[in-house]
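Visitor: mmCIF, C-alpha atoms, saved as query_17.cif, coming up:
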```
data_work
#
loop_
_atom_site.label_atom_id
_atom_site.label_comp_id
_atom_site.auth_asym_id
_atom_site.auth_seq_id
_atom_site.Cartn_x
_atom_site.Cartn_y
_atom_site.Cartn_z
CA MET A 1 72.73 106.16 118.51
CA ILE A 2 76.09 106.75 120.16
CA GLU A 3 77.41 103.31 119.15
CA ASP A 4 76.48 103.49 115.45
CA ARG A 5 79.92 104.53 114.26
CA LEU A 6 81.57 101.80 116.29
CA GLN A 7 79.20 99.20 114.92
CA ALA A 8 79.85 100.35 111.35
CA GLU A 9 83.62 100.09 111.84
CA LEU A 10 83.29 96.64 113.37
CA ALA A 11 81.18 95.53 110.41
CA GLU A 12 83.84 96.83 108.02
CA ILE A 13 86.58 94.95 109.89
CA ALA A 14 84.51 91.78 109.66
CA SER A 15 83.83 92.26 105.94
CA LEU A 16 87.57 92.45 105.28
CA GLY A 17 88.20 89.23 107.16
CA LEU A 18 90.22 91.08 109.80
CA SER A 19 88.15 90.42 112.93
CA ARG A 20 90.15 89.12 115.86
CA ARG A 21 88.87 86.63 118.38
CA ARG A 22 90.09 85.27 121.66
CA ARG A 23 90.38 81.54 122.20
CA VAL A 24 89.91 80.32 125.76
CA LEU A 25 92.68 78.06 127.03
CA GLU A 26 91.57 75.49 129.56
CA SER A 27 95.11 74.37 130.43
CA PRO A 28 98.42 76.02 131.33
CA CYS A 29 100.50 77.35 128.46
CA GLY A 30 102.55 74.51 126.96
CA ARG A 31 103.22 72.42 123.88
CA ILE A 32 99.75 70.89 124.28
CA ALA A 33 96.94 73.40 124.76
CA ALA A 34 93.40 72.57 125.75
CA VAL A 35 91.50 75.27 123.90
CA ASP A 36 87.85 75.64 122.91
CA GLY A 37 87.24 72.12 124.15
CA ARG A 38 90.03 70.54 122.05
CA LYS A 39 93.61 69.43 122.74
CA MET A 40 95.90 71.16 120.25
CA LEU A 41 99.60 71.00 119.46
CA ASN A 42 100.55 74.57 120.19
CA PHE A 43 102.63 76.59 117.70
CA ALA A 44 100.94 79.86 118.72
CA SER A 45 102.75 80.98 121.88
CA ASN A 46 105.91 82.95 122.61
CA ASP A 47 106.93 80.41 125.28
CA TYR A 48 110.25 79.83 123.54
CA LEU A 49 111.95 77.83 126.30
CA GLY A 50 108.82 76.07 127.54
CA LEU A 51 108.99 77.78 130.94
CA ALA A 52 105.45 79.19 131.20
CA GLY A 53 104.23 76.00 132.85
CA ASN A 54 107.48 75.16 134.67
CA ALA A 55 106.74 73.73 138.12
CA GLU A 56 109.80 75.28 139.82
CA ILE A 57 108.84 78.74 138.61
CA ALA A 58 105.23 78.23 139.65
CA ARG A 59 106.39 77.13 143.10
CA ALA A 60 108.60 80.22 143.43
CA MET A 61 105.58 82.37 142.59
CA ALA A 62 103.35 80.53 145.05
CA ASP A 63 105.94 80.78 147.82
CA GLY A 64 106.38 84.46 146.99
CA ALA A 65 102.64 85.05 147.31
CA LEU A 66 102.53 83.35 150.70
CA HIS A 67 105.41 85.50 151.95
CA TRP A 68 104.79 88.83 150.17
CA GLY A 69 101.06 88.78 149.52
CA ALA A 70 99.18 89.18 146.25
CA GLY A 71 99.75 92.85 145.46
CA SER A 72 102.41 95.53 145.73
CA GLY A 73 100.01 98.18 147.00
CA ALA A 74 101.52 101.20 145.23
CA SER A 75 103.82 102.42 142.51
CA HIS A 76 107.56 101.75 142.87
CA LEU A 77 108.25 105.35 143.88
CA VAL A 78 105.59 105.49 146.59
CA SER A 79 105.69 102.30 148.64
CA GLY A 80 105.41 99.45 146.12
CA HIS A 81 109.09 98.64 145.54
CA LEU A 82 109.54 95.43 147.51
CA ALA A 83 112.72 93.47 148.15
CA PRO A 84 112.00 90.88 145.39
CA HIS A 85 111.73 93.73 142.85
CA ASP A 86 115.06 95.14 143.96
CA ARG A 87 116.75 91.75 143.91
CA LEU A 88 115.42 90.94 140.43
CA GLU A 89 116.72 94.21 138.99
CA GLU A 90 120.18 93.48 140.40
CA GLU A 91 120.09 89.93 139.01
CA ILE A 92 119.06 91.08 135.52
CA ALA A 93 121.77 93.76 135.40
CA ALA A 94 124.45 91.31 136.55
CA PHE A 95 123.32 88.65 134.08
CA LEU A 96 123.46 91.06 131.13
CA GLY A 97 126.62 92.87 132.20
CA PHE A 98 124.86 96.24 132.51
CA PRO A 99 125.32 98.57 135.49
CA ARG A 100 121.62 98.79 136.29
CA ALA A 101 118.14 97.63 135.31
CA LEU A 102 114.60 98.86 135.90
CA THR A 103 111.59 96.52 135.84
CA PHE A 104 108.15 97.23 134.37
CA SER A 105 104.79 95.47 134.40
CA THR A 106 104.81 95.04 130.60
CA GLY A 107 107.08 95.56 127.62
CA TYR A 108 104.60 98.08 126.26
CA LEU A 109 105.02 100.24 129.36
CA ALA A 110 108.80 99.87 129.16
CA ASN A 111 108.95 101.12 125.58
CA LEU A 112 106.56 103.96 126.38
CA ALA A 113 108.99 104.90 129.14
CA ILE A 114 112.19 104.96 127.09
CA VAL A 115 111.59 106.83 123.86
CA PRO A 116 109.38 109.78 124.94
CA THR A 117 111.59 110.33 128.00
CA LEU A 118 114.78 110.54 125.92
CA ALA A 119 113.32 112.36 122.92
CA GLY A 120 111.37 115.50 123.67
CA ARG A 121 111.07 118.80 121.83
CA GLY A 122 113.91 119.34 119.37
CA ALA A 123 115.08 115.73 119.42
CA ALA A 124 114.95 113.36 116.46
CA VAL A 125 113.93 109.69 116.50
CA PHE A 126 114.92 107.22 113.78
CA ALA A 127 112.87 104.02 113.76
CA ASP A 128 112.81 100.85 111.68
CA LYS A 129 109.57 100.55 109.70
CA LEU A 130 108.91 97.05 111.05
CA ASN A 131 109.27 97.91 114.73
CA HIS A 132 106.74 96.54 117.20
CA ALA A 133 103.55 98.52 117.83
CA SER A 134 104.76 99.53 121.29
CA LEU A 135 107.80 101.25 119.77
CA ILE A 136 105.64 102.87 117.10
CA ASP A 137 103.37 104.28 119.79
CA ALA A 138 106.37 105.39 121.85
CA VAL A 139 107.69 107.32 118.85
CA GLN A 140 104.27 108.90 118.34
CA LEU A 141 104.37 110.15 121.93
CA SER A 142 107.79 111.69 121.28
CA LYS A 143 106.40 113.31 118.15
CA ALA A 144 103.51 114.77 120.16
CA GLN A 145 106.10 116.33 122.48
CA GLY A 146 107.79 118.08 119.56
CA ALA A 147 110.39 115.54 118.45
CA ASP A 148 111.09 114.92 114.78
CA SER A 149 110.18 111.38 113.73
CA GLN A 150 111.69 109.50 110.79
CA ARG A 151 111.23 105.89 109.72
CA TYR A 152 113.85 104.07 107.68
CA PRO A 153 113.22 101.03 105.43
CA HIS A 154 113.56 97.75 107.27
CA ASN A 155 117.20 97.09 108.22
CA ASP A 156 118.41 99.62 105.59
CA MET A 157 121.53 101.04 107.20
CA ALA A 158 122.40 103.26 104.21
CA ALA A 159 119.01 104.97 104.44
CA LEU A 160 119.37 105.37 108.20
CA GLU A 161 122.80 106.95 107.80
CA ARG A 162 121.44 109.46 105.29
CA GLN A 163 118.72 110.44 107.75
CA LEU A 164 121.19 110.77 110.63
CA ALA A 165 123.63 112.81 108.55
CA ALA A 166 120.88 115.21 107.47
CA SER A 167 119.63 115.80 111.02
CA SER A 168 120.83 118.74 113.11
CA ALA A 169 118.91 117.65 116.21
CA PRO A 170 120.99 117.92 119.39
CA THR A 171 119.52 114.63 120.66
CA LYS A 172 119.20 111.68 118.31
CA VAL A 173 117.61 108.35 119.20
CA ILE A 174 117.80 105.21 117.03
CA VAL A 175 115.06 102.70 117.83
CA SER A 176 114.90 99.11 116.62
CA ASP A 177 113.65 95.67 117.48
CA ALA A 178 116.47 93.15 117.82
CA VAL A 179 114.38 90.21 116.59
CA PHE A 180 111.40 91.41 114.56
CA SER A 181 108.21 89.89 115.90
CA MET A 182 106.44 89.10 112.62
CA ASP A 183 109.41 88.37 110.33
CA GLY A 184 111.72 86.69 112.85
CA ASP A 185 114.87 88.25 111.39
CA LEU A 186 117.55 90.11 113.33
CA ALA A 187 118.51 93.75 113.14
CA PRO A 188 122.17 94.37 112.17
CA LEU A 189 123.04 95.46 115.68
CA PRO A 190 126.79 95.99 115.10
CA LEU A 191 126.01 98.38 112.24
CA LEU A 192 123.37 100.17 114.30
CA PHE A 193 125.90 100.59 117.09
CA GLN A 194 128.49 101.99 114.65
CA LEU A 195 125.98 104.55 113.37
CA ALA A 196 124.98 105.50 116.90
CA GLU A 197 128.66 106.09 117.69
CA ARG A 198 129.31 108.04 114.49
CA TYR A 199 126.33 110.36 114.96
CA ASP A 200 126.35 110.51 118.79
CA ALA A 201 122.90 108.95 119.10
CA TRP A 202 121.17 106.89 121.74
CA LEU A 203 120.56 103.30 120.63
CA VAL A 204 117.34 101.77 121.98
CA ILE A 205 117.01 98.04 121.32
CA ASP A 206 113.87 95.99 122.00
CA ASP A 207 115.06 92.43 122.64
CA ALA A 208 111.65 90.95 123.47
CA HIS A 209 112.21 87.90 121.26
CA GLY A 210 115.96 87.49 121.75
CA PHE A 211 116.30 87.54 125.54
CA GLY A 212 116.65 84.02 126.91
CA VAL A 213 117.07 82.52 123.44
CA LEU A 214 120.05 84.06 121.66
CA GLY A 215 123.64 84.54 122.75
CA PRO A 216 125.75 82.69 125.33
CA HIS A 217 123.55 81.50 128.22
CA GLY A 218 120.55 83.22 126.60
CA LYS A 219 121.81 86.73 127.33
CA GLY A 220 120.13 87.94 124.15
CA SER A 221 120.76 89.61 120.85
CA LEU A 222 123.54 91.93 121.99
CA ALA A 223 125.49 88.94 123.29
CA HIS A 224 124.71 87.07 120.06
CA PHE A 225 126.66 89.80 118.23
CA ASN A 226 129.26 90.02 121.03
CA LEU A 227 128.33 93.64 121.74
CA PRO A 228 129.31 94.78 125.24
CA PHE A 229 127.57 97.34 127.40
CA HIS A 230 127.97 100.95 126.32
CA PRO A 231 126.49 104.07 127.99
CA ARG A 232 124.60 105.00 124.80
CA LEU A 233 122.72 101.67 124.81
CA LEU A 234 119.32 101.11 126.39
CA LEU A 235 118.14 97.52 126.19
CA MET A 236 114.52 96.50 126.72
CA GLY A 237 113.60 92.86 127.25
CA THR A 238 110.29 91.24 128.03
CA LEU A 239 109.88 88.56 130.68
CA GLY A 240 106.70 86.87 129.49
CA LYS A 241 108.18 85.12 126.45
CA ALA A 242 111.34 83.02 126.91
CA ALA A 243 111.31 83.81 130.65
CA GLY A 244 107.82 82.33 130.90
CA VAL A 245 106.31 84.74 133.46
CA GLY A 246 105.52 88.39 132.71
CA GLY A 247 106.80 91.94 132.86
CA ALA A 248 109.82 93.61 131.30
CA PHE A 249 113.07 95.39 132.06
CA VAL A 250 115.18 98.22 130.73
CA ALA A 251 118.94 97.90 131.24
CA GLY A 252 121.42 100.73 130.83
CA SER A 253 123.95 102.95 132.55
CA ASP A 254 123.44 104.19 136.10
CA ILE A 255 122.65 107.67 134.83
CA ALA A 256 120.27 106.60 132.07
CA ILE A 257 118.28 104.31 134.38
CA GLU A 258 118.13 106.96 137.10
CA TYR A 259 116.86 109.43 134.49
CA LEU A 260 114.08 107.02 133.49
CA LEU A 261 113.21 106.42 137.14
CA GLN A 262 112.88 110.17 137.71
CA ARG A 263 111.18 111.15 134.46
CA ALA A 264 109.41 108.22 132.74
CA ARG A 265 105.67 108.65 133.21
CA SER A 266 104.77 105.00 132.51
CA TYR A 267 107.10 104.02 135.36
CA ILE A 268 106.25 106.75 137.84
CA PHE A 269 102.48 106.48 137.54
CA THR A 270 102.02 102.69 137.39
CA THR A 271 101.40 100.37 140.32
CA ALA A 272 104.32 97.99 140.72
CA ALA A 273 103.79 94.39 139.63
CA PRO A 274 103.05 91.94 142.46
CA ALA A 275 106.19 90.78 144.26
CA PRO A 276 105.44 87.06 143.59
CA ILE A 277 106.04 87.75 139.89
CA ALA A 278 109.54 88.99 140.73
CA CYS A 279 110.11 85.86 142.84
CA ALA A 280 109.10 83.68 139.89
CA LEU A 281 111.34 85.63 137.54
CA SER A 282 114.35 85.18 139.79
CA LYS A 283 113.86 81.42 139.49
CA SER A 284 113.30 81.75 135.73
CA LEU A 285 116.55 83.68 135.35
CA THR A 286 118.42 80.86 137.10
CA ILE A 287 116.94 78.34 134.64
CA ILE A 288 117.75 80.55 131.64
CA LYS A 289 121.40 80.82 132.72
CA ALA A 290 121.69 77.04 132.84
CA GLY A 291 119.41 76.46 129.86
CA ASP A 292 121.90 75.49 127.13
CA ALA A 293 120.15 72.13 126.62
CA LEU A 294 116.80 73.88 126.19
CA ARG A 295 118.26 76.25 123.62
CA ALA A 296 120.00 73.39 121.80
CA ASN A 297 116.70 71.55 121.43
CA LEU A 298 114.96 74.74 120.31
CA PHE A 299 117.47 75.36 117.52
CA ALA A 300 117.41 71.70 116.51
CA ARG A 301 113.62 71.88 116.11
CA ILE A 302 113.92 75.14 114.13
CA GLY A 303 116.40 73.48 111.77
CA GLN A 304 114.14 70.43 111.42
CA LEU A 305 111.17 72.65 110.52
CA ARG A 306 113.09 74.66 107.95
CA ASP A 307 114.55 71.56 106.31
CA GLY A 308 111.18 69.84 106.24
CA LEU A 309 109.31 72.73 104.64
CA ALA A 310 111.90 73.50 101.96
CA GLY A 311 110.36 73.51 98.50
CA LEU A 312 106.73 74.10 99.49
CA ARG A 313 104.66 76.60 97.53
CA TRP A 314 104.56 78.68 100.71
CA SER A 315 107.93 80.01 101.78
CA LEU A 316 109.42 80.50 105.21
CA LEU A 317 111.07 83.86 105.70
CA PRO A 318 114.84 83.60 106.34
CA SER A 319 114.56 83.53 110.13
CA LEU A 320 116.91 81.71 112.49
CA SER A 321 114.88 82.73 115.55
CA ALA A 322 112.02 80.86 117.23
CA ILE A 323 109.62 82.89 115.05
CA GLN A 324 109.13 81.07 111.73
CA PRO A 325 106.74 83.01 109.46
CA LEU A 326 105.23 81.02 106.58
CA ILE A 327 104.15 83.53 103.93
CA VAL A 328 100.80 82.61 102.38
CA GLY A 329 99.76 85.89 100.70
CA GLU A 330 96.11 86.86 100.83
CA ASN A 331 94.07 87.02 104.03
CA GLU A 332 91.55 84.38 103.01
CA ALA A 333 94.24 81.88 102.06
CA ALA A 334 96.09 82.34 105.35
CA ILE A 335 92.88 81.96 107.35
CA ALA A 336 91.94 78.83 105.38
CA LEU A 337 95.37 77.25 105.94
CA SER A 338 95.29 78.03 109.66
CA LYS A 339 91.79 76.54 109.89
CA ALA A 340 92.83 73.40 108.03
CA LEU A 341 95.72 72.90 110.47
CA TRP A 342 93.36 73.53 113.39
CA GLU A 343 91.12 70.75 112.14
CA ARG A 344 94.18 68.49 112.28
CA GLY A 345 94.94 69.44 115.87
CA LEU A 346 97.66 72.00 115.06
CA TRP A 347 97.39 75.59 116.30
CA ALA A 348 99.32 78.02 114.08
CA PRO A 349 97.56 81.39 113.87
CA ALA A 350 97.10 83.47 110.74
CA ILE A 351 98.61 86.96 110.96
CA ARG A 352 96.99 89.55 108.70
CA PRO A 353 97.06 93.29 108.02
CA PRO A 354 97.42 95.71 109.66
CA THR A 355 99.90 93.68 111.73
CA VAL A 356 101.76 92.77 108.53
CA PRO A 357 101.74 94.48 105.09
CA LYS A 358 98.88 93.79 102.70
CA GLY A 359 99.49 90.70 100.57
CA THR A 360 101.86 89.11 103.11
CA ALA A 361 99.38 87.32 105.38
CA ARG A 362 101.16 84.45 107.04
CA LEU A 363 101.18 81.72 109.59
CA ARG A 364 103.36 82.77 112.49
CA ILE A 365 104.79 79.43 113.58
CA SER A 366 106.38 79.72 117.02
CA VAL A 367 108.80 76.95 117.90
CA SER A 368 109.50 76.07 121.53
CA ALA A 369 112.17 74.09 123.34
CA ALA A 370 109.26 72.01 124.63
CA HIS A 371 108.45 70.75 121.14
CA THR A 372 109.65 67.28 120.21
CA ALA A 373 110.94 66.04 116.88
CA ALA A 374 107.62 64.20 116.46
CA ASP A 375 105.71 67.46 117.00
CA ILE A 376 107.64 69.19 114.24
CA GLU A 377 107.26 66.19 111.92
CA HIS A 378 103.49 66.26 112.48
CA LEU A 379 103.34 69.92 111.43
CA ILE A 380 105.60 69.35 108.41
CA ASN A 381 103.48 66.43 107.17
CA ALA A 382 100.24 68.38 107.61
CA LEU A 383 101.57 71.35 105.62
CA LYS A 384 102.88 69.08 102.87
CA GLU A 385 99.47 67.43 102.66
CA LEU A 386 97.76 70.82 102.36
CA ALA A 387 100.24 72.33 99.88
#
```
Represent the structure from my file as structure tokens, please.

Guide:
Amino acid sequence: MIEDRLQAELAEIASLGLSRRRRVLESPCGRIAAVDGRKMLNFASNDYLGLAGNAEIARAMADGALHWGAGSGASHLVSGHLAPHDRLEEEIAAFLGFPRALTFSTGYLANLAIVPTLAGRGAAVFADKLNHASLIDAVQLSKAQGADSQRYPHNDMAALERQLAASSAPTKVIVSDAVFSMDGDLAPLPLLFQLAERYDAWLVIDDAHGFGVLGPHGKGSLAHFNLPFHPRLLLMGTLGKAAGVGGAFVAGSDIAIEYLLQRARSYIFTTAAPAPIACALSKSLTIIKAGDALRANLFARIGQLRDGLAGLRWSLLPSLSAIQPLIVGENEAAIALSKALWERGLWAPAIRPPTVPKGTARLRISVSAAHTAADIEHLINALKELA
């Protein structure tokens, strides 16, 4: 039978305890989630500022739909680039201090646009080993086009410099997450920038988990390190995490963004996102700019969590971001701990291989500005009870 191989692979995944399942939410994304018929305290989302269910943003989207309709009708380069798209790109560029920005339907599409477009035959790409899957796939596309691909140990700048120094490629591209999605730590962006300068390389930074959270006014990881715009920088940020809506952007120089617009296949051949999403994101950007109180509460809750879990037999990785990974070890133990929390009304998912290395299964605890001190205390007490 044609499906036999697929069934055998699915059975193997299940036997290893690695099957994934979807839970059905019966409420908007928020600190309280109605899921599978239960109300849960939600530590599973990337809604870092609590904006996914924000009424002002929802109203901006609804008003946008009434004015602009439900769909864009075409790709950006045919007839689908509407005024809200254009306005949003200008607002993002101005907010970040970059000359220009380009919006995408997803962060995955944005990363697939950047790396293969910059790094074709004869180029060399240097990527952190813990980069997000979208960057890994983007590098693989570059490799299929004839680029050399090298991975350096996580945040190991000495190893990266050795690789750069040994490369004779005329085009070099350094690719890194800013905040790593499963460990929550930050890349040493100033050192990456210095190496990009020294070896005349492009620097591609994925700030999916830093945009809206880090830096003055939530401008992101570059601002956190006080790094200004430079023509060799291309910054990707997603708009479905701290921004609470969906989509992504790439910010860069006029020339670099025009080059992506003309050459990036995942931009050229994709229908533009509906204009109401851009309307919602314009409102979200306004809230992010004025969101210092939200960020202050977020970092207070992160500090409370870290202080409260100090000394447990499970250890939090040294993350100062909204991503707080609690290392458990083996798959079965992580699943059991997540299930025990679930039974107590706490949703903190277990993350297992191949997403993370074998033996480092963990709970990925996501903290939000919407969480209260009582929420965090509830989680701390439950984990202490289970330790």

Visitor: Determine the residue set returned by the PyMOL selection byres ((chain A and resi 258) around 12) for the present structure, and present it as a list in words.

Guide: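 Selected by the PyMOL selection byres ((chain A and resi 258) around 12) in this file: Pro99, Arg100, Ala101, Leu102, Ile114, Thr117, Val250, Ala251, Gly252, Ser253, Asp254, Ile255, Ala256, Ile257, Tyr259, Leu260, Leu261, Gln262, Arg263, Ala264, Tyr267 and Ile268 of chain A.
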
Visitor: Residues near region 294-301 of chain A, anyone? I mean within 8 Å using only C-alpha atoms, not counting same-chain ones fewer than 6 positions away, as a VMD selection string.

Guide: chain A and resid 48 to 49 213 218 322 367 to 373 376

Visitor: Pull C-alpha atoms from the residues just selected and write them as a short mmCIF file (atom, residue, chain, number, x, y, z; two decimals), in the coordinates of the input.

Guide:
```cif
data_model
loop_
_atom_site.label_atom_id
_atom_site.label_comp_id
_atom_site.auth_asym_id
_atom_site.auth_seq_id
_atom_site.Cartn_x
_atom_site.Cartn_y
_atom_site.Cartn_z
CA TYR A 48 110.25 79.83 123.54
CA LEU A 49 111.95 77.83 126.30
CA VAL A 213 117.07 82.52 123.44
CA GLY A 218 120.55 83.22 126.60
CA ALA A 322 112.02 80.86 117.23
CA VAL A 367 108.80 76.95 117.90
CA SER A 368 109.50 76.07 121.53
CA ALA A 369 112.17 74.09 123.34
CA ALA A 370 109.26 72.01 124.63
CA HIS A 371 108.45 70.75 121.14
CA THR A 372 109.65 67.28 120.21
CA ALA A 373 110.94 66.04 116.88
CA ILE A 376 107.64 69.19 114.24
#
```

Visitor: Which neighbours of Ser149 (chain A) fall inside 8 Å, counting all atoms listed in the file, when residues of the same chain fewer than 4 positions from it are skipped, and could you give them as an mmCIF file with C-alpha atoms, keeping the file's coordinate frame?

Guide:
```cif
data_model
loop_
_atom_site.group_PDB
_atom_site.id
_atom_site.type_symbol
_atom_site.label_atom_id
_atom_site.label_comp_id
_atom_site.auth_asym_id
_atom_site.auth_seq_id
_atom_site.Cartn_x
_atom_site.Cartn_y
_atom_site.Cartn_z
ATOM 1 C CA ALA A 124 114.950 113.360 116.460
ATOM 2 C CA VAL A 125 113.930 109.690 116.500
ATOM 3 C CA PHE A 126 114.920 107.220 113.780
ATOM 4 C CA ALA A 127 112.870 104.020 113.760
ATOM 5 C CA VAL A 139 107.690 107.320 118.850
ATOM 6 C CA GLN A 140 104.270 108.900 118.340
ATOM 7 C CA SER A 142 107.790 111.690 121.280
ATOM 8 C CA LYS A 143 106.400 113.310 118.150
#
```

Visitor: I need the residue nearest Leu222 (chain A) from this list: A:Leu96, A:Leu341, A:Leu66, A:Leu239. Use all atoms listed in the file for the distance.

Guide: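 The answer is A:Leu96, which sits nearest to Leu222 (chain A).
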
Visitor: Pull out every residue that the PyMOL selection byres ((chain A and resi 166-169) around 9) matches in the shown coordinates and put them as an MDAnalysis selection string.

Guide: chainID A and resid 122:124 148 161:165 170:172

Visitor: For CA of Leu214 (chain A) and CA of Ser321 (chain A), determine how far apart the two atoms are, in Å to one decimal place.

Guide: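 A separation of 8.1 Å between them.
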
Visitor: I'd like the contact shell of Gln194 (chain A) - 12 Å cut-off, all atoms listed in the file, skipping same-chain residues fewer than 4 positions apart - returned as number ranges by chain.

Guide: A: 157, 160-161, 174, 188-190, 198-203, 227, 230, 232-233

Visitor: Check which residues satisfy the PyMOL selection byres ((chain A and resi 247) around 10) in the file shown, then give them as a PyMOL selection string.

Guide: chain A and resi 103-110+237-241+243-246+248-249+273+277-278+281

Visitor: Give me, as an mmCIF file with C-alpha atoms, in the frame of the given file, all polymer residues having an atom no more than 9 Å from Phe43 (chain A), counting all atoms listed in the file and skipping those fewer than 6 positions away in the same chain.

Guide:
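Output (result-v4.cif):
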```
data_model
loop_
_atom_site.group_PDB
_atom_site.id
_atom_site.type_symbol
_atom_site.label_atom_id
_atom_site.label_comp_id
_atom_site.auth_asym_id
_atom_site.auth_seq_id
_atom_site.Cartn_x
_atom_site.Cartn_y
_atom_site.Cartn_z
ATOM 1 C CA ARG A 31 103.220 72.420 123.880
ATOM 2 C CA LEU A 346 97.660 72.000 115.060
ATOM 3 C CA TRP A 347 97.390 75.590 116.300
ATOM 4 C CA ALA A 348 99.320 78.020 114.080
ATOM 5 C CA PRO A 349 97.560 81.390 113.870
ATOM 6 C CA ARG A 364 103.360 82.770 112.490
ATOM 7 C CA ILE A 365 104.790 79.430 113.580
ATOM 8 C CA SER A 366 106.380 79.720 117.020
ATOM 9 C CA VAL A 367 108.800 76.950 117.900
ATOM 10 C CA SER A 368 109.500 76.070 121.530
ATOM 11 C CA HIS A 371 108.450 70.750 121.140
#
```

Visitor: Which of these, A:His209, A:His217, A:Arg22, A:Lys283, has the shortest distance to His132 (chain A) once you count all atoms listed in the file?

Guide: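 Between A:His209, A:His217, A:Arg22, A:Lys283, the residue approaching His132 (chain A) most closely is A:His209.
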
Visitor: Show which residues sit within 12 Å of Arg21 (chain A), as an mmCIF file with C-alpha atoms, in the coordinates of the input. Count all atoms listed in the file, and ignore same-chain residues fewer than 5 positions away.

Guide:
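This went into out.cif:
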```
data_model
loop_
_atom_site.group_PDB
_atom_site.id
_atom_site.type_symbol
_atom_site.label_atom_id
_atom_site.label_comp_id
_atom_site.auth_asym_id
_atom_site.auth_seq_id
_atom_site.Cartn_x
_atom_site.Cartn_y
_atom_site.Cartn_z
ATOM 1 C CA ALA A 14 84.510 91.780 109.660
ATOM 2 C CA ASP A 36 87.850 75.640 122.910
ATOM 3 C CA PRO A 349 97.560 81.390 113.870
ATOM 4 C CA ALA A 350 97.100 83.470 110.740
#
```

Visitor: Work out how far apart CA of Leu82 (chain A) and CA of Ala208 (chain A) are and give it in Å to one decimal.

Guide: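 Pair CA of Leu82 (chain A) / CA of Ala208 (chain A) returns 24.5 Å.
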
Visitor: Could you check which of A:Pro274, A:Pro228, A:Gly291, A:Gly311 is closest to Ala242 (chain A), using all atoms listed in the file?

Guide: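 Among the listed residues, A:Gly291 lies closest to Ala242 (chain A).
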
Visitor: Could you check which of A:Val78, A:Ala158, A:Ala62, A:Leu88 is closest to Thr286 (chain A), using all atoms listed in the file?

Guide: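 Closest to Thr286 (chain A) of all the choices is A:Leu88.
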
Visitor: Here is a test: counting all atoms listed in the file, which residue of A:Val115, A:Ala70, A:Leu195, A:Met40 is nearest to Ala275 (chain A)?

Guide: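 For Ala275 (chain A), the nearest of the candidates is A:Ala70.
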
Visitor: Figure out the distance between CA of Thr270 (chain A) and CA of Ser75 (chain A), please, to one decimal in Å.

Guide: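 Answer for the CA of Ser75 (chain A) to CA of Thr270 (chain A) separation: 5.4 Å.
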